[in-house]
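Comments concern the structure below.
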Amino acid sequence: TGCTMKNYNEEATRLLLDEFGAFGKPGIVKVFVHSHQAYAIAWKRCYEAMGEILAGKDVPKPLQKLKSPRKAKVQVANLSLKQVKSKFLREELEFLRSLRNQDKEEEVRKAAHVAYLEECEKNGLLLECECCYGEHVPEETIQCVGGHLFCKGCAQRYVENQLSGEGGLPQLRCPSTDGCQECLPKSELRRVLPQALLDSYEEQVAKASIEAAVLNGGLTGLERCPFCDFAIQMELSPEEN
């Protein structure tokens, strides 16, 4: 109803004004209107604008930075959802808090990774990739049977290139430039490759193996699905079936 929408707009605007006290009220109101009067969208634009300020950049219009930040009537970060009257606004606020928690968890993971990288570097534990020559932590490095080392990124790009070839059995041999013909063990690849890429590799291996067996006369009575790569060996002839 119109009354419900009016209450939502007023409450959403108050929350934006309280949380983003660095910006003038006219600019925040305009951002809210330009965001189709949706709190979550307006919040995102104001949040990103705060990031611009912290990075030393200009404030995007129509927002204007106040010389003296406005004092908040309510600490939005500590506001209980029960105190929010609008049902729609409660749902948006809950969603945004979940989103921010995910961002914080990601920041913690990144900080932990940087700290671990520095610790490995300090103790001489970093391994050099033989493709990009960058130094990487042991958990993000694989080696062929011959002992050549490759980082996670280079291994992934190598496998993707091999799978985009002209068919046949993908040969995942050592990509070292010294002529090594050893293979990259699947156990090593599992440690660093995305599951989707591994699945794609195994599907191509299975398909190529079946095609090779048919060409060599090792499989008879093979029937294929006309819509996908599924194949099955039939014990009876098509006439008997």
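In the structure tokens, each chain is lettered A, B, ... as it comes, each chain's residues begin at 1, and ligands are numbered from 1 in order of appearance.
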(message) What's around A:Glu121 at 9 Å? Count only C-alpha atoms, leave out sequence neighbours fewer than 4 positions away in its own chain, and write the answer as a VMD selection string.
(response) chain A and resid 116 to 117 125 to 126 135 137
Selection above as a file: C-alpha atoms, as a CSV table (one decimal), in the first residue's frame:
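Result file selection33.csv:
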```
chain,number,residue,atom,x,y,z
A,116,TYR,CA,51.6,-17.6,5.3
A,117,LEU,CA,53.4,-16.5,2.1
A,125,LEU,CA,60.0,-22.8,1.6
A,126,LEU,CA,58.8,-21.1,-1.6
A,135,GLU,CA,57.7,-18.4,-6.3
A,137,VAL,CA,53.8,-21.9,-1.5
```
Find the nearest atom pair between each residue of stretch 42-136 of chain A and stretch 143-161 of chain A for residues within 10 Å, count only C-alpha atoms, give distances in Å to one decimal, sort rows by chain and ascending number, and present the table as a Markdown table.
```
| residue | atom | partner | partner_atom | distance |
| --- | --- | --- | --- | --- |
| A:Leu127 | CA | A:Leu149 | CA | 7.6 |
| A:Glu128 | CA | A:Leu149 | CA | 6.9 |
| A:Cys129 | CA | A:Phe150 | CA | 4.4 |
| A:Glu130 | CA | A:Phe150 | CA | 5.7 |
| A:Cys131 | CA | A:Phe150 | CA | 6.5 |
| A:Cys132 | CA | A:Cys154 | CA | 7.3 |
| A:Tyr133 | CA | A:Phe150 | CA | 8.8 |
| A:Gly134 | CA | A:Cys151 | CA | 8.1 |
| A:Glu135 | CA | A:Cys151 | CA | 8.2 |
| A:His136 | CA | A:Cys151 | CA | 6.6 |
```
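With only C-alpha atoms as the atoms that count, the minimum distance from A:Glu139 to the choices A:Leu89, A:Val29, A:Leu163, A:Val192 is reached by A:Val192.
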(message) Between A:Leu172, A:Ala40, A:Arg191, A:Ser86, which residue has the minimum interatomic distance to A:Cys3, considering only C-alpha atoms?
(response) A:Ser86
Report as CSV: every residue of stretch 89-154 of chain A with an atom at most 12 Å from stretch 44-51 of chain A, its closest pair of atoms, and their distance in Å to one decimal, counting only C-alpha atoms, with rows sorted by chain and ascending residue number.
```
residue,atom,partner,partner_atom,distance
A:Glu92,CA,A:Lys44,CA,11.4
A:Leu93,CA,A:Lys44,CA,11.5
A:Phe95,CA,A:Lys44,CA,11.8
A:Leu96,CA,A:Lys44,CA,8.8
A:Arg97,CA,A:Lys44,CA,11.8
A:Leu99,CA,A:Lys44,CA,10.7
A:Arg100,CA,A:Tyr47,CA,10.7
```
Let me see the file: selected residues, N, CA and C atoms, as a PDB file, in the first residue's frame.
```pdb
ATOM      1  N   GLU A  92      16.259  -6.822   3.601  1.00  0.00           N
ATOM      2  CA  GLU A  92      17.404  -6.220   2.915  1.00  0.00           C
ATOM      3  C   GLU A  92      18.581  -6.050   3.864  1.00  0.00           C
ATOM      4  N   LEU A  93      18.282  -5.594   5.077  1.00  0.00           N
ATOM      5  CA  LEU A  93      19.337  -5.369   6.062  1.00  0.00           C
ATOM      6  C   LEU A  93      20.009  -6.691   6.438  1.00  0.00           C
ATOM      7  N   PHE A  95      20.210  -9.352   4.523  1.00  0.00           N
ATOM      8  CA  PHE A  95      20.991  -9.773   3.359  1.00  0.00           C
ATOM      9  C   PHE A  95      22.327  -9.035   3.301  1.00  0.00           C
ATOM     10  N   LEU A  96      22.291  -7.714   3.519  1.00  0.00           N
ATOM     11  CA  LEU A  96      23.510  -6.910   3.451  1.00  0.00           C
ATOM     12  C   LEU A  96      24.489  -7.288   4.558  1.00  0.00           C
ATOM     13  N   ARG A  97      23.972  -7.611   5.727  1.00  0.00           N
ATOM     14  CA  ARG A  97      24.858  -8.026   6.827  1.00  0.00           C
ATOM     15  C   ARG A  97      25.529  -9.348   6.494  1.00  0.00           C
ATOM     16  N   LEU A  99      26.177 -10.356   3.508  1.00  0.00           N
ATOM     17  CA  LEU A  99      27.148 -10.042   2.454  1.00  0.00           C
ATOM     18  C   LEU A  99      28.426  -9.464   3.046  1.00  0.00           C
ATOM     19  N   ARG A 100      28.289  -8.586   4.009  1.00  0.00           N
ATOM     20  CA  ARG A 100      29.456  -7.970   4.637  1.00  0.00           C
ATOM     21  C   ARG A 100      30.261  -8.988   5.437  1.00  0.00           C
TER      22      ARG A 100
END
```
(request) Using DSSP on the backbone coordinates, identify all residues within stretch 8-223 of chain A classified as alpha helix (DSSP H); present the result as a ChimeraX atom specification. (result) /A:8-19,25-34,39-54,87-122,152-163,186-192,195-215
(message) Measuring between only C-alpha atoms, which one of A:Glu10, A:Glu188, A:Glu182, A:Asp58 shows the shortest distance to A:Gln37?
(response) A:Glu10
Please extract the residues of stretch 81-162 of chain A with a backbone DSSP assignment of strand (DSSP E or B) and present them as an mmCIF file with N, CA and C atoms, in the first residue's frame.
```
data_model
loop_
_atom_site.group_PDB
_atom_site.id
_atom_site.type_symbol
_atom_site.label_atom_id
_atom_site.label_comp_id
_atom_site.auth_asym_id
_atom_site.auth_seq_id
_atom_site.Cartn_x
_atom_site.Cartn_y
_atom_site.Cartn_z
ATOM 1 N N LEU A 127 58.572 -22.392 -3.621
ATOM 2 C CA LEU A 127 59.042 -23.207 -4.738
ATOM 3 C C LEU A 127 58.888 -22.433 -6.045
ATOM 4 N N GLU A 128 59.880 -22.539 -6.926
ATOM 5 C CA GLU A 128 59.851 -21.798 -8.188
ATOM 6 C C GLU A 128 59.168 -22.612 -9.281
ATOM 7 N N GLU A 135 57.516 -17.546 -7.516
ATOM 8 C CA GLU A 135 57.675 -18.365 -6.311
ATOM 9 C C GLU A 135 56.314 -18.569 -5.660
ATOM 10 N N HIS A 136 56.040 -19.816 -5.272
ATOM 11 C CA HIS A 136 54.720 -20.167 -4.755
ATOM 12 C C HIS A 136 54.848 -21.077 -3.539
ATOM 13 N N THR A 141 51.650 -25.789 -5.569
ATOM 14 C CA THR A 141 52.667 -26.223 -6.532
ATOM 15 C C THR A 141 52.561 -27.728 -6.731
ATOM 16 N N ILE A 142 52.657 -28.186 -7.979
ATOM 17 C CA ILE A 142 52.650 -29.625 -8.260
ATOM 18 C C ILE A 142 53.959 -29.978 -8.948
ATOM 19 N N GLN A 143 54.236 -31.288 -9.033
ATOM 20 C CA GLN A 143 55.439 -31.729 -9.731
ATOM 21 C C GLN A 143 55.135 -32.958 -10.573
ATOM 22 N N LEU A 149 58.665 -28.676 -11.228
ATOM 23 C CA LEU A 149 57.644 -27.989 -10.439
ATOM 24 C C LEU A 149 56.862 -26.974 -11.273
ATOM 25 N N PHE A 150 55.542 -26.912 -11.003
ATOM 26 C CA PHE A 150 54.675 -25.970 -11.703
ATOM 27 C C PHE A 150 53.621 -25.434 -10.732
ATOM 28 N N CYS A 151 53.337 -24.134 -10.868
ATOM 29 C CA CYS A 151 52.371 -23.515 -9.960
ATOM 30 C C CYS A 151 50.940 -23.846 -10.383
#
```
